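A.B. asks: Got a file for you: structure_30.cif, mmCIF, C-alpha atoms and all ligand atoms.
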data_query
#
loop_
_atom_site.label_atom_id
_atom_site.label_comp_id
_atom_site.auth_asym_id
_atom_site.auth_seq_id
_atom_site.Cartn_x
_atom_site.Cartn_y
_atom_site.Cartn_z
CA MET A 1 16.78 -19.18 0.89
CA PHE A 2 13.52 -20.94 -0.04
CA ASP A 3 12.97 -19.53 -3.50
CA ASN A 4 10.54 -21.66 -5.46
CA LEU A 5 8.33 -23.23 -2.85
CA LEU A 6 5.20 -22.88 -4.95
CA THR A 7 5.47 -22.22 -8.67
CA PRO A 8 2.58 -20.27 -10.22
CA THR A 9 0.01 -22.72 -11.60
CA PRO A 10 -3.74 -22.06 -11.86
CA LEU A 11 -4.25 -24.15 -8.70
CA SER A 12 -1.50 -22.52 -6.63
CA LEU A 13 -2.60 -19.03 -7.72
CA PHE A 14 -6.17 -19.87 -6.65
CA LEU A 15 -5.04 -21.24 -3.27
CA VAL A 16 -2.88 -18.16 -2.66
CA PHE A 17 -5.87 -15.99 -3.64
CA LEU A 18 -8.02 -17.73 -0.99
CA TYR A 19 -5.29 -17.43 1.62
CA GLY A 20 -4.73 -13.78 0.73
CA SER A 21 -8.46 -13.01 1.06
CA LEU A 22 -8.27 -14.16 4.71
CA PHE A 23 -5.63 -11.46 5.26
CA GLY A 24 -8.02 -9.05 3.52
CA SER A 25 -10.67 -10.00 6.07
CA PHE A 26 -8.26 -9.14 8.89
CA LEU A 27 -7.33 -5.87 7.13
CA ASN A 28 -11.01 -4.88 7.18
CA VAL A 29 -10.97 -5.22 10.97
CA VAL A 30 -7.72 -3.21 11.20
CA ILE A 31 -9.02 -0.43 8.91
CA TYR A 32 -12.35 -0.17 10.74
CA ARG A 33 -11.17 -0.47 14.35
CA MET A 34 -7.67 0.98 14.67
CA PRO A 35 -8.62 4.63 13.97
CA LEU A 36 -11.39 4.24 16.61
CA GLU A 37 -8.78 2.93 19.08
CA ARG A 38 -10.59 -0.38 19.44
CA SER A 39 -8.89 -3.77 19.82
CA ILE A 40 -8.23 -5.60 16.54
CA VAL A 41 -8.20 -8.98 18.35
CA ALA A 42 -11.36 -9.05 20.46
CA PRO A 43 -14.31 -9.16 20.33
CA GLY A 44 -15.03 -11.06 17.10
CA SER A 45 -16.79 -9.45 14.14
CA ALA A 46 -20.36 -8.29 14.69
CA CYS A 47 -23.01 -6.40 12.74
CA GLY A 48 -22.32 -2.67 12.94
CA THR A 49 -26.03 -1.88 13.27
CA CYS A 50 -27.56 -4.47 15.62
CA GLY A 51 -24.38 -5.85 17.21
CA THR A 52 -25.26 -9.51 16.54
CA PRO A 53 -21.97 -11.47 16.44
CA LEU A 54 -21.17 -13.10 13.10
CA SER A 55 -21.04 -16.90 13.10
CA TRP A 56 -18.30 -18.72 11.18
CA TRP A 57 -20.26 -19.08 7.95
CA GLN A 58 -21.00 -15.33 7.95
CA ASN A 59 -17.29 -14.64 8.26
CA ILE A 60 -15.93 -16.35 5.13
CA PRO A 61 -14.16 -13.82 2.88
CA ILE A 62 -16.14 -12.75 -0.21
CA LEU A 63 -18.40 -15.85 -0.10
CA SER A 64 -20.35 -14.72 2.99
CA TYR A 65 -21.10 -11.39 1.37
CA LEU A 66 -22.56 -13.23 -1.62
CA LEU A 67 -24.45 -15.79 0.53
CA LEU A 68 -25.96 -13.05 2.69
CA GLU A 69 -26.59 -10.86 -0.37
CA GLY A 70 -24.80 -8.03 1.41
CA ARG A 71 -27.18 -7.91 4.37
CA CYS A 72 -27.06 -8.70 8.09
CA HIS A 73 -28.67 -12.11 8.78
CA ALA A 74 -30.30 -10.78 11.98
CA CYS A 75 -31.48 -7.23 11.24
CA GLY A 76 -31.23 -7.02 7.46
CA SER A 77 -29.16 -3.81 7.35
CA ARG A 78 -26.85 -3.47 4.35
CA TYR A 79 -23.12 -4.17 4.56
CA SER A 80 -20.81 -2.06 2.44
CA ILE A 81 -19.48 -3.94 -0.58
CA ARG A 82 -16.08 -2.50 0.34
CA TYR A 83 -15.45 -5.32 2.84
CA ALA A 84 -15.79 -7.97 0.15
CA ALA A 85 -13.86 -5.77 -2.31
CA ILE A 86 -10.88 -5.47 0.07
CA GLU A 87 -10.92 -9.25 0.59
CA ALA A 88 -10.94 -9.83 -3.17
CA LEU A 89 -8.26 -7.16 -3.72
CA THR A 90 -5.94 -8.68 -1.12
CA GLY A 91 -6.44 -12.17 -2.53
CA ALA A 92 -5.78 -10.90 -6.06
CA ALA A 93 -2.65 -9.06 -4.89
CA ALA A 94 -1.30 -12.23 -3.25
CA ALA A 95 -1.82 -14.15 -6.50
CA LEU A 96 -0.28 -11.33 -8.56
CA ILE A 97 2.80 -11.14 -6.33
CA LEU A 98 3.25 -14.93 -6.48
CA TRP A 99 2.97 -14.85 -10.28
CA HIS A 100 5.36 -11.88 -10.46
CA HIS A 101 8.09 -13.52 -8.37
CA GLY A 102 7.55 -17.04 -9.75
CA GLY A 103 7.31 -18.66 -6.33
CA ILE A 104 7.00 -18.16 -2.59
CA GLY A 105 10.25 -16.83 -1.17
CA MET A 106 11.42 -13.71 0.67
CA PRO A 107 10.45 -11.34 -2.20
CA PHE A 108 6.89 -12.74 -2.17
CA LEU A 109 6.60 -12.50 1.62
CA LEU A 110 8.06 -9.00 1.90
CA HIS A 111 5.97 -7.60 -0.94
CA PHE A 112 2.75 -9.18 0.34
CA VAL A 113 3.36 -7.82 3.85
CA PHE A 114 4.17 -4.44 2.27
CA PHE A 115 0.89 -4.61 0.34
CA CYS A 116 -1.07 -5.29 3.56
CA PHE A 117 0.49 -2.25 5.26
CA LEU A 118 -0.31 -0.12 2.19
CA VAL A 119 -3.96 -1.24 2.03
CA ALA A 120 -4.39 -0.31 5.70
CA VAL A 121 -2.77 3.10 5.05
CA PHE A 122 -4.82 3.71 1.88
CA PHE A 123 -8.25 3.17 3.40
CA MET A 124 -7.56 4.75 6.80
CA ASP A 125 -6.22 7.86 5.05
CA LEU A 126 -9.21 7.89 2.68
CA ASP A 127 -11.72 7.55 5.56
CA HIS A 128 -10.11 9.63 8.29
CA TRP A 129 -7.27 11.64 6.68
CA ILE A 130 -4.81 10.05 9.11
CA ILE A 131 -1.88 7.66 8.85
CA LEU A 132 -1.47 6.00 12.23
CA ASP A 133 2.03 5.77 13.73
CA GLU A 134 1.19 2.21 14.80
CA VAL A 135 0.96 1.32 11.11
CA SER A 136 3.73 3.43 9.54
CA LEU A 137 6.36 3.02 12.27
CA THR A 138 5.69 -0.73 12.58
CA GLY A 139 6.08 -0.77 8.80
CA VAL A 140 9.48 0.93 9.10
CA ALA A 141 10.68 -1.82 11.47
CA VAL A 142 9.26 -4.66 9.35
CA GLY A 143 10.68 -3.11 6.16
CA LEU A 144 14.18 -2.77 7.60
CA VAL A 145 14.29 -6.30 9.05
CA GLY A 146 12.68 -7.82 5.95
CA SER A 147 15.14 -6.08 3.59
CA ALA A 148 18.06 -7.74 5.36
CA PHE A 149 16.64 -11.14 4.34
CA MET A 150 15.99 -10.20 0.71
CA PRO A 151 18.27 -11.24 -2.17
CA LEU A 152 20.81 -8.50 -2.95
CA ARG A 153 19.18 -5.47 -4.54
CA GLY A 154 20.71 -3.72 -7.54
CA ASP A 155 21.33 -0.44 -5.70
CA MET A 156 24.68 -1.35 -4.10
CA LEU A 157 26.26 1.31 -1.92
CA VAL A 158 29.56 -0.21 -0.71
CA ALA A 159 31.18 -2.99 -2.75
CA GLY A 160 32.18 -6.14 -0.86
CA LEU A 161 29.72 -5.74 2.00
CA HIS A 162 27.50 -8.71 2.94
CA PRO A 163 24.20 -8.66 0.92
CA SER A 164 22.11 -8.31 4.12
CA LEU A 165 24.11 -5.25 5.18
CA GLN A 166 23.94 -3.83 1.64
CA ASN A 167 20.14 -4.10 1.62
CA LEU A 168 19.88 -2.73 5.13
CA ALA A 169 22.11 0.25 4.26
CA SER A 170 20.01 0.88 1.14
CA SER A 171 16.80 0.77 3.19
CA VAL A 172 18.17 3.15 5.84
CA LEU A 173 19.25 5.57 3.09
CA GLY A 174 15.84 5.21 1.40
CA LEU A 175 14.14 6.01 4.70
CA LEU A 176 16.30 9.10 5.25
CA LEU A 177 15.82 10.33 1.66
CA GLY A 178 12.05 9.87 2.01
CA VAL A 179 11.92 11.86 5.23
CA ALA A 180 14.16 14.60 3.74
CA PHE A 181 12.17 14.74 0.49
CA PHE A 182 8.68 14.88 2.01
CA TRP A 183 9.76 17.13 4.86
CA SER A 184 11.17 19.68 2.39
CA VAL A 185 7.96 19.48 0.33
CA GLN A 186 6.07 20.17 3.56
CA VAL A 187 8.25 23.18 4.41
CA ILE A 188 8.26 24.64 0.88
CA GLY A 189 4.54 23.90 0.39
CA THR A 190 3.67 25.58 3.67
CA LEU A 191 5.70 28.66 2.69
CA LEU A 192 4.15 28.92 -0.78
CA ALA A 193 0.55 27.92 -0.10
CA ARG A 194 0.42 29.22 3.48
CA GLN A 195 -1.18 25.97 4.54
CA GLU A 196 0.17 22.53 5.34
CA ALA A 197 0.83 20.81 2.01
CA LEU A 198 1.22 17.41 3.63
CA GLY A 199 1.15 16.05 7.16
CA THR A 200 3.77 14.38 9.35
CA GLY A 201 1.82 11.14 8.76
CA ASP A 202 2.87 11.34 5.10
CA ILE A 203 6.52 11.83 6.11
CA LYS A 204 6.39 8.69 8.28
CA LEU A 205 4.75 6.82 5.41
CA ALA A 206 7.64 7.92 3.16
CA ALA A 207 10.01 6.49 5.78
CA MET A 208 8.12 3.18 5.65
CA MET A 209 8.29 3.11 1.84
CA GLY A 210 12.05 3.75 1.90
CA ALA A 211 12.54 0.98 4.47
CA PHE A 212 10.73 -1.56 2.28
CA LEU A 213 11.98 -0.42 -1.13
CA GLY A 214 15.57 0.77 -0.59
CA TRP A 215 16.91 4.14 -1.71
CA GLN A 216 16.69 3.75 -5.50
CA MET A 217 13.16 2.34 -5.74
CA GLY A 218 12.19 4.60 -2.84
CA LEU A 219 13.01 7.66 -4.95
CA VAL A 220 11.02 6.22 -7.87
CA ALA A 221 8.04 5.72 -5.55
CA TYR A 222 8.27 9.23 -4.05
CA LEU A 223 8.31 10.79 -7.50
CA LEU A 224 5.47 8.57 -8.74
CA SER A 225 3.35 9.57 -5.70
CA PHE A 226 3.34 13.20 -6.79
CA ILE A 227 2.79 12.34 -10.45
CA LEU A 228 -0.24 10.14 -9.61
CA GLY A 229 -1.49 12.78 -7.19
CA ALA A 230 -1.25 15.49 -9.86
CA LEU A 231 -2.84 13.28 -12.54
CA VAL A 232 -5.87 12.59 -10.33
CA ALA A 233 -6.17 15.61 -8.05
CA VAL A 234 -5.78 18.37 -10.67
CA PRO A 235 -8.63 17.17 -12.95
CA MET A 236 -10.80 16.59 -9.85
CA MET A 237 -10.14 20.11 -8.63
CA VAL A 238 -10.91 21.56 -12.05
CA LEU A 239 -14.11 19.53 -12.38
CA ARG A 240 -15.34 20.41 -8.94
CA ARG A 241 -13.95 23.92 -9.10
CA ARG A 242 -12.62 23.37 -5.64
CA ARG A 243 -9.64 25.38 -4.55
CA GLY A 244 -7.24 24.79 -1.74
CA LYS A 245 -7.40 21.46 0.01
CA ASP A 246 -6.81 18.35 -2.11
CA PRO A 247 -9.97 16.29 -2.60
CA VAL A 248 -8.05 13.06 -1.97
CA PRO A 249 -5.31 12.68 0.69
CA LEU A 250 -1.72 12.34 -0.56
CA GLY A 251 -1.18 9.13 1.47
CA THR A 252 -3.53 7.21 -0.84
CA PHE A 253 -1.39 8.11 -3.88
CA MET A 254 1.77 7.25 -1.96
CA ALA A 255 0.32 3.81 -1.15
CA VAL A 256 -0.58 3.10 -4.79
CA ALA A 257 2.80 4.38 -6.03
CA ALA A 258 4.63 2.23 -3.46
CA PHE A 259 2.89 -0.97 -4.56
CA LEU A 260 3.43 -0.29 -8.27
CA THR A 261 7.10 0.45 -7.59
CA ALA A 262 7.57 -2.69 -5.46
CA LEU A 263 6.58 -4.85 -8.44
CA TRP A 264 7.48 -2.79 -11.53
CA GLY A 265 9.92 -0.18 -10.18
CA ASP A 266 12.61 -1.03 -12.73
CA ARG A 267 10.28 -0.34 -15.65
CA ILE A 268 8.95 2.85 -14.07
CA PHE A 269 12.55 3.99 -13.49
CA GLU A 270 13.36 3.35 -17.18
CA PHE A 271 10.25 5.27 -18.17
CA PHE A 272 11.37 8.24 -16.06
CA LEU A 273 14.76 8.18 -17.83
CA VAL A 274 13.28 7.88 -21.32
CA TRP A 275 10.19 10.05 -21.31
CA PRO A 276 11.98 13.44 -21.50
CA GLU A 277 13.32 12.34 -24.91
CA HIS A 278 9.75 12.15 -26.18
CA LEU A 279 9.32 15.79 -25.25
CA TYR A 280 12.28 17.07 -27.33
CA PRO A 281 10.35 17.12 -30.66
CA LEU A 282 7.76 19.32 -28.96
CA LEU A 283 10.32 21.93 -27.93
ZN ZN A 301 -27.52 -6.53 12.12
#
Would you mind giving the structure from this file in structure tokens?
C.D. replies:
Amino acid sequence: MFDNLLTPTPLSLFLVFLYGSLFGSFLNVVIYRMPLERSIVAPGSACGTCGTPLSWWQNIPILSYLLLEGRCHACGSRYSIRYAAIEALTGAAAALILWHHGGIGMPFLLHFVFFCFLVAVFFMDLDHWIILDEVSLTGVAVGLVGSAFMPLRGDMLVAGLHPSLQNLASSVLGLLLGVAFFWSVQVIGTLLARQEALGTGDIKLAAMMGAFLGWQMGLVAYLLSFILGALVAVPMMVLRRRRGKDPVPLGTFMAVAAFLTALWGDRIFEFFLVWPEHLYPLL
């Protein structure tokens, strides 16, 4: 397909950053409104305190925050820096993905769309401890369709099958493995800890990750989710001396693991294969 539409140069990376930050602006609306069951299309953005609608120059990603010095033009109440941070993050991710793939093609598009879904999941889970079906199940559909248009992945299941069908089969298997893996963690965790270890929202998120990543990279991402979760949650629990409920929801770690795996899954997979060897001298 169209593989090298825009090679990474300082100018193209900057333009893609600007374009990506517009998506970040939309993601802010999604993250803020969807859990409150409000429309993400209308009305336009307004100040959360006084309700004054934002004019076009107050709606420019990142720049408006700097121009307004983080305050509402009408009432002067402070805006959270998180809005500008998500815009910058999304722009930076778009540039990073372009640089990683060496041009705009299906891999760029699929991974940027995947990133947008993951950002929405990350912040909604952080704020409300929920992963909305509208996000995760839409992600499953987009991941499956998108995979069929990707170049052939390395995790072939049946030799001789058309690349689109290969990728689709890999994504369906990834989805099923994700559901099976997280569902069994839920069941075992509930038996051992006598409380729900993870929610059905996390299981649907695993399905979305499998749909986007395929079965092999899906497994890498599932494993990495728990490793990241343990690396962050255990020290936090020790520091705060909090027992029981995790201080940070699992979905946020799954989202980070999924993005890392989408771009560097091969290296992470190699690391998983090699690191036990480093442990042998210790035994
Ligand atoms: Zn205001």
A.B. asks: For the contact check between chain A and ligand ZN 301 (chain A), emit one row per residue of chain A within 10 Å, containing the shortest atom pair and the distance in Å rounded to one decimal, counting all atoms listed in the file, chain then rising number order, as a tab-separated table.
C.D. replies:
residue	atom	partner	partner_atom	distance
A:Ala46	CA	A:ZN301	ZN	7.8
A:Cys47	CA	A:ZN301	ZN	4.6
A:Gly48	CA	A:ZN301	ZN	6.5
A:Thr49	CA	A:ZN301	ZN	5.0
A:Cys50	CA	A:ZN301	ZN	4.1
A:Gly51	CA	A:ZN301	ZN	6.0
A:Thr52	CA	A:ZN301	ZN	5.8
A:Pro53	CA	A:ZN301	ZN	8.6
A:Leu54	CA	A:ZN301	ZN	9.2
A:Arg71	CA	A:ZN301	ZN	7.9
A:Cys72	CA	A:ZN301	ZN	4.6
A:His73	CA	A:ZN301	ZN	6.6
A:Ala74	CA	A:ZN301	ZN	5.1
A:Cys75	CA	A:ZN301	ZN	4.1
A:Gly76	CA	A:ZN301	ZN	6.0
A:Ser77	CA	A:ZN301	ZN	5.7
A:Arg78	CA	A:ZN301	ZN	8.4
A:Tyr79	CA	A:ZN301	ZN	9.1
A.B. asks: So that I can see what lies close to Leu109 in chain A, please list as a count of residues only the residues with an atom at most 10 Å from it, counting only C-alpha atoms and leaving out residues fewer than 5 positions away in the same chain.
C.D. replies: 8
A.B. asks: Given the point (-8.0, -7.4, 7.8) in the coordinates of this file, which residues lie within 10 Å, counting only C-alpha atoms, and how would they look as an MDAnalysis selection string?
C.D. replies: chainID A and resid 21:32 40 83 86:87 90 116 119:120
A.B. asks: Let's have the selection written as a tab-separated table (two decimals), keeping the file's coordinate frame, with C-alpha atoms.
C.D. replies:
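What landed in result-v6.tsv:
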chain	number	residue	atom	x	y	z
A	21	SER	CA	-8.46	-13.01	1.06
A	22	LEU	CA	-8.27	-14.16	4.71
A	23	PHE	CA	-5.63	-11.46	5.26
A	24	GLY	CA	-8.02	-9.05	3.52
A	25	SER	CA	-10.67	-10.00	6.07
A	26	PHE	CA	-8.26	-9.14	8.89
A	27	LEU	CA	-7.33	-5.87	7.13
A	28	ASN	CA	-11.01	-4.88	7.18
A	29	VAL	CA	-10.97	-5.22	10.97
A	30	VAL	CA	-7.72	-3.21	11.20
A	31	ILE	CA	-9.02	-0.43	8.91
A	32	TYR	CA	-12.35	-0.17	10.74
A	40	ILE	CA	-8.23	-5.60	16.54
A	83	TYR	CA	-15.45	-5.32	2.84
A	86	ILE	CA	-10.88	-5.47	0.07
A	87	GLU	CA	-10.92	-9.25	0.59
A	90	THR	CA	-5.94	-8.68	-1.12
A	116	CYS	CA	-1.07	-5.29	3.56
A	119	VAL	CA	-3.96	-1.24	2.03
A	120	ALA	CA	-4.39	-0.31	5.70
A.B. asks: Could you check which of A:Ile131, A:Leu152, A:Leu165, A:Leu6 is closest to Thr200 in chain A, using all atoms listed in the file?
C.D. replies: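 Of all the options, A:Ile131 lies closest to Thr200 in chain A.
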A.B. asks: May I ask for the distance between CA of Ser45 in chain A and CA of Tyr19 in chain A, given in Å to one decimal place?
C.D. replies: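 Computing it gives 18.8 Å between the two atoms.
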A.B. asks: In file coordinates, which residues lie within 12 Å of (8.3, -7.1, 10.0) using all atoms listed in the file, given as a CSV table (one decimal) with C-alpha atoms, in the coordinates of the input?
C.D. replies:
chain,number,residue,atom,x,y,z
A,106,MET,CA,11.4,-13.7,0.7
A,109,LEU,CA,6.6,-12.5,1.6
A,110,LEU,CA,8.1,-9.0,1.9
A,111,HIS,CA,6.0,-7.6,-0.9
A,112,PHE,CA,2.8,-9.2,0.3
A,113,VAL,CA,3.4,-7.8,3.8
A,114,PHE,CA,4.2,-4.4,2.3
A,116,CYS,CA,-1.1,-5.3,3.6
A,117,PHE,CA,0.5,-2.2,5.3
A,135,VAL,CA,1.0,1.3,11.1
A,136,SER,CA,3.7,3.4,9.5
A,137,LEU,CA,6.4,3.0,12.3
A,138,THR,CA,5.7,-0.7,12.6
A,139,GLY,CA,6.1,-0.8,8.8
A,140,VAL,CA,9.5,0.9,9.1
A,141,ALA,CA,10.7,-1.8,11.5
A,142,VAL,CA,9.3,-4.7,9.4
A,143,GLY,CA,10.7,-3.1,6.2
A,144,LEU,CA,14.2,-2.8,7.6
A,145,VAL,CA,14.3,-6.3,9.0
A,146,GLY,CA,12.7,-7.8,6.0
A,147,SER,CA,15.1,-6.1,3.6
A,148,ALA,CA,18.1,-7.7,5.4
A,149,PHE,CA,16.6,-11.1,4.3
A,208,MET,CA,8.1,3.2,5.6
A,211,ALA,CA,12.5,1.0,4.5
A,212,PHE,CA,10.7,-1.6,2.3
A.B. asks: Please provide as a list in words all residues within 6 Å of Ala197 in chain A, with the sequence filter that same-chain residues fewer than 5 positions apart are discarded (counting all atoms listed in the file).
C.D. replies: Gln186, Gly189 and Thr190 of chain A
A.B. asks: Okay, now the selection with C-alpha atoms, as a short mmCIF file (atom, residue, chain, number, x, y, z; two decimals), in the coordinates of the input?
C.D. replies:
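Okay, result.cif is ready:
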data_model
loop_
_atom_site.label_atom_id
_atom_site.label_comp_id
_atom_site.auth_asym_id
_atom_site.auth_seq_id
_atom_site.Cartn_x
_atom_site.Cartn_y
_atom_site.Cartn_z
CA GLN A 186 6.07 20.17 3.56
CA GLY A 189 4.54 23.90 0.39
CA THR A 190 3.67 25.58 3.67
#
A.B. asks: Mind pulling up the distance from CA of Met124 in chain A to CA of Ser171 in chain A?
C.D. replies: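 A separation of 24.9 Å between them.
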A.B. asks: Measure the distance from CA of Val185 in chain A to CA of Trp129 in chain A in Å and round it to one decimal.
C.D. replies: 18.3 Å
A.B. asks: Using only C-alpha atoms, pick whichever of A:Leu89, A:Val220, A:Ser64, A:Val179 has the shortest atom-to-atom distance to Arg267 in chain A.
C.D. replies: A:Val220
A.B. asks: Determine, counting all atoms listed in the file, which protein, DNA and RNA residues have an atom within 10 Å of an atom of Ile227 in chain A; residues of the same chain fewer than 4 positions away are not included. Present the result as JSON, numbers by chain.
C.D. replies: {"A": [221, 222, 223, 231, 232, 233, 253, 254, 257]}
